[in-house]
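With TSV, C-alpha atoms inside, this is data-v2.tsv:
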```
chain	number	residue	atom	x	y	z
A	1	MET	CA	-62.69	-8.44	109.05
A	2	SER	CA	-60.08	-6.06	107.74
A	3	ASP	CA	-58.49	-6.21	104.30
A	4	VAL	CA	-54.99	-4.97	103.60
A	5	VAL	CA	-54.50	-3.87	99.96
A	6	THR	CA	-51.17	-2.77	98.50
A	7	GLU	CA	-50.82	-0.33	95.59
A	8	LYS	CA	-49.88	-1.57	92.16
A	9	LYS	CA	-46.50	-0.42	90.91
A	10	THR	CA	-45.27	-0.47	87.37
A	11	GLU	CA	-41.58	-1.04	87.07
A	12	GLY	CA	-39.62	0.80	84.38
A	13	GLU	CA	-42.09	3.65	83.92
A	14	ALA	CA	-40.25	6.88	83.04
A	15	PRO	CA	-40.89	9.93	85.20
A	16	ARG	CA	-43.27	12.47	83.75
A	17	VAL	CA	-40.58	15.16	83.55
A	18	ASN	CA	-38.43	12.82	81.41
A	19	ARG	CA	-41.29	12.18	79.03
A	20	ILE	CA	-41.94	15.93	78.64
A	21	ALA	CA	-38.24	16.59	78.07
A	22	ALA	CA	-38.12	13.85	75.42
A	23	GLN	CA	-41.14	15.32	73.63
A	24	ILE	CA	-39.53	18.77	73.60
A	25	MET	CA	-36.17	17.49	72.37
A	26	ASN	CA	-37.83	15.52	69.56
A	27	SER	CA	-40.05	18.40	68.44
A	28	SER	CA	-39.60	19.72	64.92
A	29	THR	CA	-38.48	23.13	66.21
A	30	VAL	CA	-35.68	21.70	68.33
A	31	MET	CA	-34.61	19.36	65.54
A	32	THR	CA	-34.42	22.32	63.17
A	33	VAL	CA	-32.33	24.35	65.64
A	34	LEU	CA	-29.97	21.42	66.16
A	35	ALA	CA	-29.64	21.00	62.39
A	36	ILE	CA	-28.68	24.67	62.10
A	37	VAL	CA	-26.11	24.26	64.90
A	38	ILE	CA	-24.53	21.29	63.14
A	39	SER	CA	-24.43	23.18	59.85
A	40	LEU	CA	-22.67	26.13	61.51
A	41	VAL	CA	-20.09	23.75	62.95
A	42	VAL	CA	-19.55	22.22	59.50
A	43	GLY	CA	-19.24	25.73	58.08
A	44	ALA	CA	-16.67	26.60	60.74
A	45	VAL	CA	-14.58	23.58	59.76
A	46	LEU	CA	-14.70	24.55	56.09
A	47	ILE	CA	-13.81	28.17	56.88
A	48	ALA	CA	-10.82	27.05	58.94
A	49	VAL	CA	-9.63	24.55	56.31
A	50	THR	CA	-9.81	27.04	53.44
A	51	ASP	CA	-8.23	29.97	55.31
A	52	GLU	CA	-4.72	30.81	54.13
A	53	LYS	CA	-3.46	31.87	57.58
A	54	VAL	CA	-4.67	28.61	59.10
A	55	GLN	CA	-2.96	26.64	56.36
A	56	SER	CA	0.27	28.56	56.93
A	57	ALA	CA	0.20	28.10	60.72
A	58	ALA	CA	-0.64	24.41	60.34
A	59	GLY	CA	2.73	23.92	58.65
A	60	TYR	CA	4.50	24.27	62.01
A	61	PHE	CA	1.64	23.06	64.23
A	62	PHE	CA	3.77	20.74	66.39
A	63	ALA	CA	6.32	23.47	67.03
A	64	ARG	CA	3.79	26.19	67.95
A	65	PRO	CA	0.24	24.76	68.15
A	66	GLY	CA	-1.06	27.99	69.69
A	67	ASP	CA	-0.55	29.85	66.42
A	68	THR	CA	-2.74	27.38	64.55
A	69	LEU	CA	-5.50	27.50	67.16
A	70	LYS	CA	-5.42	31.30	67.17
A	71	ALA	CA	-5.59	31.40	63.37
A	72	ILE	CA	-8.59	29.04	63.43
A	73	TRP	CA	-10.35	31.19	66.02
A	74	ASP	CA	-9.65	34.39	64.12
A	75	ALA	CA	-10.91	32.91	60.84
A	76	VAL	CA	-14.10	31.38	62.22
A	77	SER	CA	-15.03	34.19	64.62
A	78	GLY	CA	-14.27	36.84	61.99
A	79	ALA	CA	-16.46	35.07	59.44
A	80	TYR	CA	-19.44	34.64	61.76
A	81	ILE	CA	-19.14	38.18	63.12
A	82	ALA	CA	-19.25	39.41	59.53
A	83	LEU	CA	-22.28	37.18	58.97
A	84	PHE	CA	-24.00	38.77	61.98
A	85	ASN	CA	-23.06	42.28	60.89
A	86	GLY	CA	-24.36	41.69	57.40
A	87	ALA	CA	-27.57	39.91	58.40
A	88	ILE	CA	-28.76	41.22	61.78
A	89	TYR	CA	-27.11	44.41	62.99
A	90	ASN	CA	-23.95	46.06	61.75
A	91	THR	CA	-21.94	46.92	64.85
A	92	ASN	CA	-19.42	48.82	62.74
A	93	ARG	CA	-21.92	51.59	61.95
A	94	ASP	CA	-22.03	54.74	64.04
A	95	THR	CA	-25.80	55.24	63.94
A	96	PHE	CA	-28.72	53.01	64.80
A	97	LEU	CA	-30.27	53.44	61.35
A	98	GLY	CA	-27.00	52.42	59.75
A	99	GLY	CA	-26.87	49.34	61.97
A	100	ILE	CA	-30.38	48.09	61.27
A	101	LYS	CA	-29.87	48.29	57.52
A	102	SER	CA	-28.53	44.74	57.82
A	103	ILE	CA	-31.81	43.30	59.08
A	104	THR	CA	-33.74	45.18	56.40
A	105	ASP	CA	-31.43	43.65	53.78
A	106	THR	CA	-32.19	40.22	55.26
A	107	LEU	CA	-35.93	40.82	54.98
A	108	HIS	CA	-35.42	42.18	51.47
A	109	HIS	CA	-33.69	38.95	50.37
A	110	ALA	CA	-36.23	36.86	52.27
A	111	THR	CA	-39.30	38.39	50.58
A	112	PRO	CA	-39.33	36.33	47.34
A	113	LEU	CA	-38.02	33.25	49.18
A	114	ILE	CA	-40.96	33.29	51.58
A	115	ALA	CA	-43.51	33.79	48.79
A	116	GLY	CA	-41.97	31.02	46.71
A	117	GLY	CA	-41.70	28.75	49.74
A	118	LEU	CA	-45.40	29.22	50.47
A	119	GLY	CA	-46.20	28.16	46.90
A	120	VAL	CA	-44.16	24.98	47.30
A	121	ALA	CA	-45.43	24.28	50.84
A	122	LEU	CA	-49.10	24.61	49.86
A	123	ALA	CA	-48.60	22.17	46.99
A	124	PHE	CA	-46.85	19.76	49.39
A	125	ARG	CA	-49.90	19.80	51.65
A	126	VAL	CA	-52.08	18.79	48.71
A	127	GLY	CA	-49.68	15.95	47.92
A	128	LEU	CA	-48.07	17.66	44.93
A	129	PHE	CA	-44.41	18.47	44.29
A	130	ASN	CA	-44.33	21.94	42.77
A	131	ILE	CA	-40.90	22.46	41.25
A	132	GLY	CA	-42.27	24.82	38.63
A	133	GLY	CA	-41.48	27.93	40.64
A	134	ARG	CA	-39.14	29.28	37.99
A	135	GLY	CA	-41.77	29.20	35.27
A	136	GLN	CA	-44.48	30.62	37.51
A	137	MET	CA	-42.18	33.44	38.61
A	138	LEU	CA	-41.17	34.26	35.04
A	139	VAL	CA	-44.69	34.55	33.67
A	140	ALA	CA	-45.73	36.53	36.76
A	141	ALA	CA	-42.79	38.90	36.30
A	142	GLY	CA	-43.58	39.23	32.60
A	143	ALA	CA	-47.23	40.10	33.23
A	144	ALA	CA	-46.52	42.47	36.14
A	145	GLY	CA	-43.65	44.10	34.26
A	146	TRP	CA	-45.70	44.62	31.09
A	147	VAL	CA	-48.48	46.30	33.05
A	148	GLY	CA	-45.87	48.23	35.01
A	149	PHE	CA	-44.22	49.92	32.01
A	150	SER	CA	-47.07	50.01	29.47
A	151	PHE	CA	-49.76	52.08	31.18
A	152	HIS	CA	-49.71	55.58	32.60
A	153	LEU	CA	-52.20	55.43	35.45
A	154	PRO	CA	-52.57	56.85	38.95
A	155	VAL	CA	-50.51	54.96	41.50
A	156	TRP	CA	-53.57	53.74	43.41
A	157	ILE	CA	-54.75	51.99	40.21
A	158	HIS	CA	-51.48	51.18	38.50
A	159	LEU	CA	-49.67	49.41	41.35
A	160	PRO	CA	-52.59	47.13	42.40
A	161	LEU	CA	-53.26	46.33	38.74
A	162	ALA	CA	-49.65	45.30	38.14
A	163	VAL	CA	-49.59	43.19	41.30
A	164	ILE	CA	-52.88	41.46	40.44
A	165	ALA	CA	-51.70	40.81	36.87
A	166	GLY	CA	-48.55	39.11	38.14
A	167	ILE	CA	-50.36	36.98	40.71
A	168	ALA	CA	-53.01	35.99	38.14
A	169	ALA	CA	-50.37	34.99	35.58
A	170	GLY	CA	-48.54	32.82	38.13
A	171	ALA	CA	-51.83	31.26	39.22
A	172	ILE	CA	-52.81	30.41	35.64
A	173	TRP	CA	-49.40	28.88	34.94
A	174	GLY	CA	-49.62	26.79	38.11
A	175	GLY	CA	-53.27	25.93	37.55
A	176	LEU	CA	-52.37	24.57	34.12
A	177	VAL	CA	-50.28	21.92	35.86
A	178	GLY	CA	-53.14	20.97	38.16
A	179	TYR	CA	-55.58	20.82	35.24
A	180	LEU	CA	-53.34	18.58	33.15
A	181	LYS	CA	-52.73	16.29	36.11
A	182	ALA	CA	-56.45	16.07	36.88
A	183	ARG	CA	-57.48	15.48	33.25
A	184	THR	CA	-54.69	13.25	31.99
A	185	GLY	CA	-53.01	11.88	35.12
A	186	ALA	CA	-49.63	13.27	34.04
A	187	HIS	CA	-47.12	13.63	36.87
A	188	GLU	CA	-46.76	17.15	38.18
A	189	VAL	CA	-42.96	16.90	38.37
A	190	ILE	CA	-42.67	16.29	34.63
A	191	LEU	CA	-45.23	18.98	33.89
A	192	THR	CA	-43.57	21.64	36.04
A	193	ILE	CA	-40.09	20.89	34.67
A	194	MET	CA	-41.29	21.19	31.08
A	195	LEU	CA	-43.31	24.32	31.79
A	196	ASN	CA	-40.23	25.90	33.35
A	197	TYR	CA	-38.50	25.63	29.98
A	198	VAL	CA	-41.62	26.81	28.15
A	199	ALA	CA	-41.86	29.90	30.36
A	200	PHE	CA	-38.15	30.67	30.09
A	201	TYR	CA	-38.01	30.55	26.30
A	202	LEU	CA	-41.37	32.28	25.96
A	203	ILE	CA	-40.23	35.22	28.11
A	204	SER	CA	-36.84	35.23	26.33
A	205	TRP	CA	-38.59	35.49	22.97
A	206	MET	CA	-40.87	38.26	24.21
A	207	LEU	CA	-37.86	40.18	25.54
A	208	ARG	CA	-36.27	40.03	22.07
A	209	THR	CA	-39.42	41.05	20.25
A	210	PRO	CA	-40.24	44.78	19.81
A	211	GLY	CA	-43.78	45.61	20.84
A	212	LEU	CA	-43.97	42.85	23.45
A	213	LEU	CA	-41.58	43.04	26.40
A	214	GLN	CA	-38.47	44.45	24.75
A	215	ALA	CA	-37.63	48.05	25.62
A	216	PRO	CA	-38.09	50.45	22.68
A	217	GLY	CA	-34.93	51.54	20.90
A	218	THR	CA	-32.69	48.70	22.08
A	219	VAL	CA	-31.56	45.35	20.74
A	220	ASN	CA	-30.83	43.91	24.18
A	221	PRO	CA	-33.24	41.25	25.53
A	222	GLU	CA	-34.56	43.29	28.41
A	223	SER	CA	-37.68	45.23	29.23
A	224	ALA	CA	-38.31	48.92	29.67
A	225	PRO	CA	-38.00	50.40	33.18
A	226	ILE	CA	-41.03	50.14	35.43
A	227	LEU	CA	-42.95	53.41	35.74
A	228	PRO	CA	-42.77	55.05	39.17
A	229	SER	CA	-46.51	54.61	39.68
A	230	ALA	CA	-46.14	50.80	39.57
A	231	ILE	CA	-43.07	50.43	41.81
A	232	LEU	CA	-43.53	48.90	45.27
A	233	PRO	CA	-42.65	51.75	47.66
A	234	PRO	CA	-39.85	51.37	50.23
A	235	ILE	CA	-41.12	50.74	53.75
A	236	PHE	CA	-38.48	52.69	55.69
A	237	GLY	CA	-37.35	55.19	53.10
A	238	GLU	CA	-35.05	55.29	50.10
A	239	ARG	CA	-31.87	54.43	52.03
A	240	PHE	CA	-33.22	50.93	52.76
A	241	ASN	CA	-33.84	48.22	50.18
A	242	LEU	CA	-36.87	46.73	51.94
A	243	HIS	CA	-40.03	47.47	49.96
A	244	ALA	CA	-43.76	46.85	50.31
A	245	GLY	CA	-43.39	43.40	48.80
A	246	PHE	CA	-42.56	42.21	52.32
A	247	LEU	CA	-45.99	43.38	53.45
A	248	LEU	CA	-47.52	41.36	50.61
A	249	VAL	CA	-45.61	38.33	51.86
A	250	ILE	CA	-46.94	38.78	55.41
A	251	ILE	CA	-50.48	38.95	54.04
A	252	ALA	CA	-49.81	35.85	51.92
A	253	THR	CA	-48.51	33.96	54.96
A	254	VAL	CA	-51.58	34.84	57.03
A	255	PHE	CA	-53.82	33.87	54.11
A	256	THR	CA	-52.07	30.52	53.65
A	257	TRP	CA	-52.30	29.78	57.38
A	258	TRP	CA	-56.01	30.60	57.39
A	259	LEU	CA	-56.60	28.60	54.23
A	260	LEU	CA	-54.92	25.44	55.49
A	261	ASN	CA	-56.06	25.55	59.11
A	262	ARG	CA	-59.35	27.42	59.23
A	263	SER	CA	-61.16	26.84	55.93
A	264	SER	CA	-63.08	23.89	54.51
A	265	LEU	CA	-61.00	24.06	51.32
A	266	GLY	CA	-57.84	23.75	53.38
A	267	PHE	CA	-59.28	20.72	55.17
A	268	LYS	CA	-59.89	19.10	51.81
A	269	PHE	CA	-56.35	20.00	50.72
A	270	ARG	CA	-54.89	18.29	53.78
A	271	ALA	CA	-57.16	15.28	53.41
A	272	VAL	CA	-56.11	14.78	49.79
A	273	GLY	CA	-52.47	15.26	50.73
A	274	GLU	CA	-52.66	12.64	53.48
A	275	ASN	CA	-54.58	10.01	51.54
A	276	PRO	CA	-56.24	10.80	48.19
A	277	ASN	CA	-58.05	7.45	48.09
A	278	ALA	CA	-59.61	7.98	51.50
A	279	ALA	CA	-60.49	11.55	50.54
A	280	LEU	CA	-62.20	10.31	47.39
A	281	THR	CA	-64.14	7.77	49.42
A	282	ALA	CA	-65.24	10.56	51.75
A	283	GLY	CA	-66.72	12.43	48.80
A	284	ILE	CA	-63.96	14.96	48.12
A	285	ASP	CA	-63.34	15.78	44.48
A	286	VAL	CA	-59.63	14.99	44.39
A	287	LYS	CA	-59.10	16.22	40.83
A	288	SER	CA	-60.57	19.63	41.55
A	289	MET	CA	-58.36	19.86	44.66
A	290	TYR	CA	-55.32	19.34	42.44
A	291	VAL	CA	-56.44	22.18	40.20
A	292	TRP	CA	-57.25	24.56	43.05
A	293	GLY	CA	-54.09	23.61	44.92
A	294	MET	CA	-51.78	24.36	42.02
A	295	LEU	CA	-53.78	27.47	41.09
A	296	ILE	CA	-53.23	28.99	44.56
A	297	ALA	CA	-49.65	27.72	44.75
A	298	GLY	CA	-48.89	29.38	41.42
A	299	GLY	CA	-50.42	32.62	42.66
A	300	LEU	CA	-48.23	32.56	45.76
A	301	MET	CA	-45.20	31.90	43.59
A	302	GLY	CA	-46.35	34.80	41.43
A	303	ILE	CA	-45.92	37.14	44.42
A	304	ALA	CA	-42.22	36.27	44.32
A	305	GLY	CA	-42.04	37.31	40.67
A	306	VAL	CA	-43.99	40.49	41.38
A	307	SER	CA	-41.67	41.48	44.23
A	308	GLN	CA	-38.67	40.96	41.98
A	309	VAL	CA	-39.85	43.02	39.02
A	310	LEU	CA	-41.77	45.75	40.86
A	311	GLY	CA	-39.54	46.08	43.91
A	312	THR	CA	-36.02	44.76	43.42
A	313	ILE	CA	-35.14	45.19	39.72
A	314	THR	CA	-37.21	48.11	38.49
A	315	SER	CA	-34.81	49.41	35.82
A	316	GLY	CA	-35.78	46.68	33.35
A	317	PHE	CA	-35.69	42.90	33.72
A	318	SER	CA	-34.28	40.01	31.72
A	319	ALA	CA	-35.03	36.30	31.55
A	320	GLY	CA	-32.87	35.78	34.64
A	321	ILE	CA	-35.28	37.73	36.84
A	322	ASP	CA	-36.08	34.57	38.85
A	323	ALA	CA	-32.44	34.42	40.12
A	324	GLY	CA	-32.81	30.77	41.10
A	325	ILE	CA	-35.46	31.63	43.69
A	326	GLY	CA	-37.90	29.09	42.25
A	327	PHE	CA	-35.58	26.26	43.26
A	328	ASP	CA	-34.43	27.85	46.53
A	329	ALA	CA	-38.11	27.99	47.50
A	330	ILE	CA	-38.15	24.18	47.63
A	331	THR	CA	-35.41	24.27	50.25
A	332	VAL	CA	-37.26	26.95	52.23
A	333	ALA	CA	-40.48	24.90	52.22
A	334	LEU	CA	-38.64	21.77	53.35
A	335	LEU	CA	-36.91	23.63	56.17
A	336	GLY	CA	-40.24	25.16	57.19
A	337	ARG	CA	-41.86	21.70	57.38
A	338	SER	CA	-44.42	22.85	54.78
A	339	THR	CA	-46.19	25.04	57.35
A	340	PRO	CA	-46.93	28.72	56.62
A	341	TRP	CA	-45.14	30.24	59.61
A	342	GLY	CA	-42.36	27.67	59.48
A	343	THR	CA	-41.79	28.65	55.85
A	344	PHE	CA	-41.86	32.32	56.85
A	345	ALA	CA	-39.12	31.73	59.45
A	346	ALA	CA	-37.08	29.57	57.06
A	347	GLY	CA	-37.26	32.28	54.41
A	348	ILE	CA	-35.90	34.85	56.87
A	349	LEU	CA	-33.10	32.45	57.84
A	350	PHE	CA	-32.06	31.96	54.24
A	351	GLY	CA	-32.40	35.68	53.62
A	352	ALA	CA	-29.98	36.21	56.52
A	353	PHE	CA	-27.55	33.73	55.00
A	354	LYS	CA	-27.76	35.53	51.68
A	355	ALA	CA	-27.31	39.03	53.15
A	356	GLY	CA	-24.63	37.89	55.58
A	357	GLY	CA	-22.86	35.82	52.95
A	358	TYR	CA	-22.11	38.89	50.91
A	359	ALA	CA	-20.69	40.58	54.03
A	360	MET	CA	-18.52	37.52	54.77
A	361	GLN	CA	-17.21	37.55	51.23
A	362	ALA	CA	-16.51	41.28	51.17
A	363	GLY	CA	-15.15	41.68	54.69
A	364	GLU	CA	-13.33	38.42	55.36
A	365	GLY	CA	-12.73	37.01	51.88
A	366	ILE	CA	-14.82	33.91	52.66
A	367	PRO	CA	-16.05	32.21	49.48
A	368	ILE	CA	-19.82	32.59	49.05
A	369	ASP	CA	-19.88	28.86	48.34
A	370	ILE	CA	-19.32	28.23	52.05
A	371	VAL	CA	-22.71	29.78	52.79
A	372	LEU	CA	-24.30	27.55	50.16
A	373	VAL	CA	-22.70	24.52	51.79
A	374	VAL	CA	-24.13	25.56	55.18
A	375	GLN	CA	-27.60	25.88	53.64
A	376	SER	CA	-27.27	22.47	52.01
A	377	VAL	CA	-26.14	20.84	55.26
A	378	ILE	CA	-29.16	22.33	57.06
A	379	VAL	CA	-31.51	20.70	54.56
A	380	LEU	CA	-29.55	17.44	54.77
A	381	PHE	CA	-30.01	17.19	58.53
A	382	ILE	CA	-33.60	18.43	58.40
A	383	ALA	CA	-34.35	15.52	56.07
A	384	ALA	CA	-32.59	13.05	58.39
A	385	PRO	CA	-33.86	13.50	61.99
A	386	PRO	CA	-32.44	10.12	63.11
A	387	LEU	CA	-28.97	11.38	62.19
A	388	VAL	CA	-29.45	14.49	64.34
A	389	ARG	CA	-30.70	12.38	67.23
A	390	SER	CA	-27.70	10.08	66.99
A	391	ILE	CA	-25.25	13.02	67.01
A	392	PHE	CA	-26.79	14.57	70.12
A	393	PHE	CA	-27.66	11.20	71.75
A	394	LEU	CA	-31.36	11.97	71.83
A	395	PRO	CA	-33.89	9.17	72.46
A	396	LYS	CA	-36.19	8.06	69.71
A	397	PRO	CA	-39.73	9.47	69.83
A	398	GLY	CA	-41.79	7.38	72.23
A	399	ALA	CA	-38.80	5.49	73.62
A	400	VAL	CA	-38.97	7.19	77.01
A	401	SER	CA	-42.70	6.79	77.35
A	402	LYS	CA	-42.60	3.04	76.85
A	403	GLN	CA	-43.42	1.19	79.99
A	404	LYS	CA	-41.87	-2.07	80.99
A	405	LYS	CA	-44.83	-3.88	82.41
A	406	SER	CA	-44.32	-6.40	85.17
A	407	THR	CA	-46.66	-8.66	87.06
A	408	PRO	CA	-48.50	-6.53	89.60
A	409	ASN	CA	-48.23	-7.39	93.29
A	410	VAL	CA	-51.64	-8.35	94.58
A	411	SER	CA	-52.03	-8.58	98.32
A	412	LYS	CA	-53.69	-11.47	99.89
A	413	GLU	CA	-56.72	-11.00	102.00
A	414	VAL	CA	-56.05	-11.59	105.65
A	415	SER	CA	-59.02	-12.27	107.82
A	416	ALA	CA	-58.91	-11.40	111.49
A	417	LYS	CA	-61.10	-13.61	113.48
```

Give the structure from this file in structure tokens form.
Amino acid sequence: MSDVVTEKKTEGEAPRVNRIAAQIMNSSTVMTVLAIVISLVVGAVLIAVTDEKVQSAAGYFFARPGDTLKAIWDAVSGAYIALFNGAIYNTNRDTFLGGIKSITDTLHHATPLIAGGLGVALAFRVGLFNIGGRGQMLVAAGAAGWVGFSFHLPVWIHLPLAVIAGIAAGAIWGGLVGYLKARTGAHEVILTIMLNYVAFYLISWMLRTPGLLQAPGTVNPESAPILPSAILPPIFGERFNLHAGFLLVIIATVFTWWLLNRSSLGFKFRAVGENPNAALTAGIDVKSMYVWGMLIAGGLMGIAGVSQVLGTITSGFSAGIDAGIGFDAITVALLGRSTPWGTFAAGILFGAFKAGGYAMQAGEGIPIDIVLVVQSVIVLFIAAPPLVRSIFFLPKPGAVSKQKKSTPNVSKEVSAK
């Protein structure tokens, strides 16, 4: 007796290559790249609309449309070439060292953004919204600056001491938020907002008070210059702005990655961030995680303040030393998906926008606000993946892998007698 058996076939099952392609196209990296592409297109439209030559040529568009199209191309291409020259490599320079100054300026601007973004991203992973970057940066800058201009010590003691003082001050200011939340249940958003004001007016008062932070012999609210032994040294020489603060940021990124992905404390952070009730049931002390999370986040944010006062503005700082970086760090962390290396890349991207934006403004007369609009649009589309998918006609995650099941064909047994 012989049996004839047919294979089962599932109708509607997507090919494996389609499923892989769908997974790639819906990955966070691709979505981020597509969001950047859309933002550059939006920026191009704004550049063209606000350009005077384009507006003039548009007045006789139907008579000579080529003039308008050429004006649009010249405006947009000129702006983005200036952005590239200012952020990556300046093709207008005669020497290689002159050309790469652009990328060093990008890394220089990115240094405090990356450090601040790490502070926000770490707090996100613990389930906390750290918008107290301004206050943490200010107290860190105040502590590092005071050590930097008050003591005459050898450089191998003075510089590490100033850096540690700044990081410790930022950590204490951030840890205070975690402690109050753990002890009283107060919301961290309210606490960080209020402590931002406390830090700002505290530093402002200290900068106006002789014997504290105010420079001797002046009535201006600014500090004394940082002593040479406490200044972060330039990495590639005096002609470049990039200083050793960028090396601190690399170390901080590696530390944050190790903490979140390779340590038991990081596992507890992620568990509390995902579900604090489940973490509590599993025996994790959620309140202590809040304290430790904000303590480390404040220390990371303190690196941003240290890099500002010991590396960027060493001639004496004021209460505006934070330069809005504390709030920009939130954007960097969001763009980096709250991951250490994602935040690192996002910080470099925003540093490129900042360095290139100045070149666009100086070389092409493009308003710096256009760059800010591009940054805002990036965050907008990062926060709305379905909108990006609809623009590029991408399938929803899992849509390709769904199988349309049908009744299998079962062969009948045929007996040969």

Would you tabulate, counting all atoms listed in the file, all residues of stretch 226-256 of chain A that have an atom at most 10 Å from an atom of stretch 326-342 of chain A, showing the closest pair of atoms and their distance in Å to one decimal, sorted by chain then ascending number, as CSV?
```
residue,atom,partner,partner_atom,distance
A:Ile250,CA,A:Trp341,CA,9.7
A:Ala252,CA,A:Pro340,CA,9.0
A:Thr253,CA,A:Pro340,CA,5.7
A:Val254,CA,A:Pro340,CA,7.7
A:Phe255,CA,A:Pro340,CA,9.0
A:Thr256,CA,A:Pro340,CA,6.2
```

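Counting all atoms listed in the file and comparing A:Glu238, A:Asp369, A:Glu188, A:Glu364, the residue that lies closest to A:Gly132 is A:Glu188.
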
Taking only C-alpha atoms into account, name the residue in A:Phe129, A:Phe149, A:Phe393, A:Trp173 that is nearest to A:Ser315.
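Under the stated criterion, the closest residue is A:Phe149.
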
Expressed in Å to a single decimal, how great is the separation between atom CA of A:Ala279 and atom CA of A:Met301?
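We find that atom CA of A:Ala279 and atom CA of A:Met301 lie 26.4 Å from each other.
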
Check the smallest atom-to-atom distance from each of A:Val189, A:Ala82, A:Ile203, A:Leu34 to A:Ala362 using all atoms listed in the file, then report the winner.
A:Ala82

Between atom CA of A:Lys396 and atom CA of A:Ala35, distance in Å (one decimal):
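Atom CA of A:Ala35 lies 16.2 Å from atom CA of A:Lys396.
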
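The closest residue to A:Leu260, picked from A:Tyr197, A:Phe61, A:Phe124, A:Phe96 and counting only C-alpha atoms, is A:Phe124.
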
Of the residues A:Pro386, A:Gly245, A:Gly365, A:Gly299, which is the one nearest to A:Gly78, using all atoms listed in the file?
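Ranking A:Pro386, A:Gly245, A:Gly365, A:Gly299 by distance to A:Gly78, first place goes to A:Gly365.
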
Report as a ChimeraX atom specification all protein, DNA and RNA residues lying within 8 Å of stretch 370-382 of chain A, evaluated on all atoms listed in the file, omitting residues in the same chain fewer than 3 positions from it.
/A:31-32,35-36,38-40,42-43,46-47,331,334-335,350,353-354,357,366-367,385,387-388

Go through A:Ala355, A:Ala319, A:Val33, A:Ala75 and flag the residue nearest A:Tyr89, using only C-alpha atoms for the distances.
A:Ala355

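Separating atom CA of A:Leu207 from atom CA of A:Phe317 is a distance of 8.9 Å.
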
Contacts of stretch 102-112 of chain A within 6 Å, only C-alpha atoms, excl. fewer than 6 positions in-chain, as a PyMOL selection string:
chain A and resi 86-89+242+246+304+347-348+351-352+355

Long-range neighbours of A:Val45 as a list of chain:residue names, 9 Å cut-off, only C-alpha atoms, 5 positions minimum in chain:
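Counting only the stated atoms, we get A:Leu40, A:Thr50, A:Ile72, A:Val76.
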
Those residues you just picked out, can you put them in a file as an mmCIF file, in the coordinates of the input with C-alpha atoms?
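The resulting file, selection-v9.cif, is shown below:
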```cif
data_model
loop_
_atom_site.group_PDB
_atom_site.id
_atom_site.type_symbol
_atom_site.label_atom_id
_atom_site.label_comp_id
_atom_site.auth_asym_id
_atom_site.auth_seq_id
_atom_site.Cartn_x
_atom_site.Cartn_y
_atom_site.Cartn_z
ATOM 1 C CA LEU A 40 -22.670 26.130 61.510
ATOM 2 C CA THR A 50 -9.810 27.040 53.440
ATOM 3 C CA ILE A 72 -8.590 29.040 63.430
ATOM 4 C CA VAL A 76 -14.100 31.380 62.220
#
```
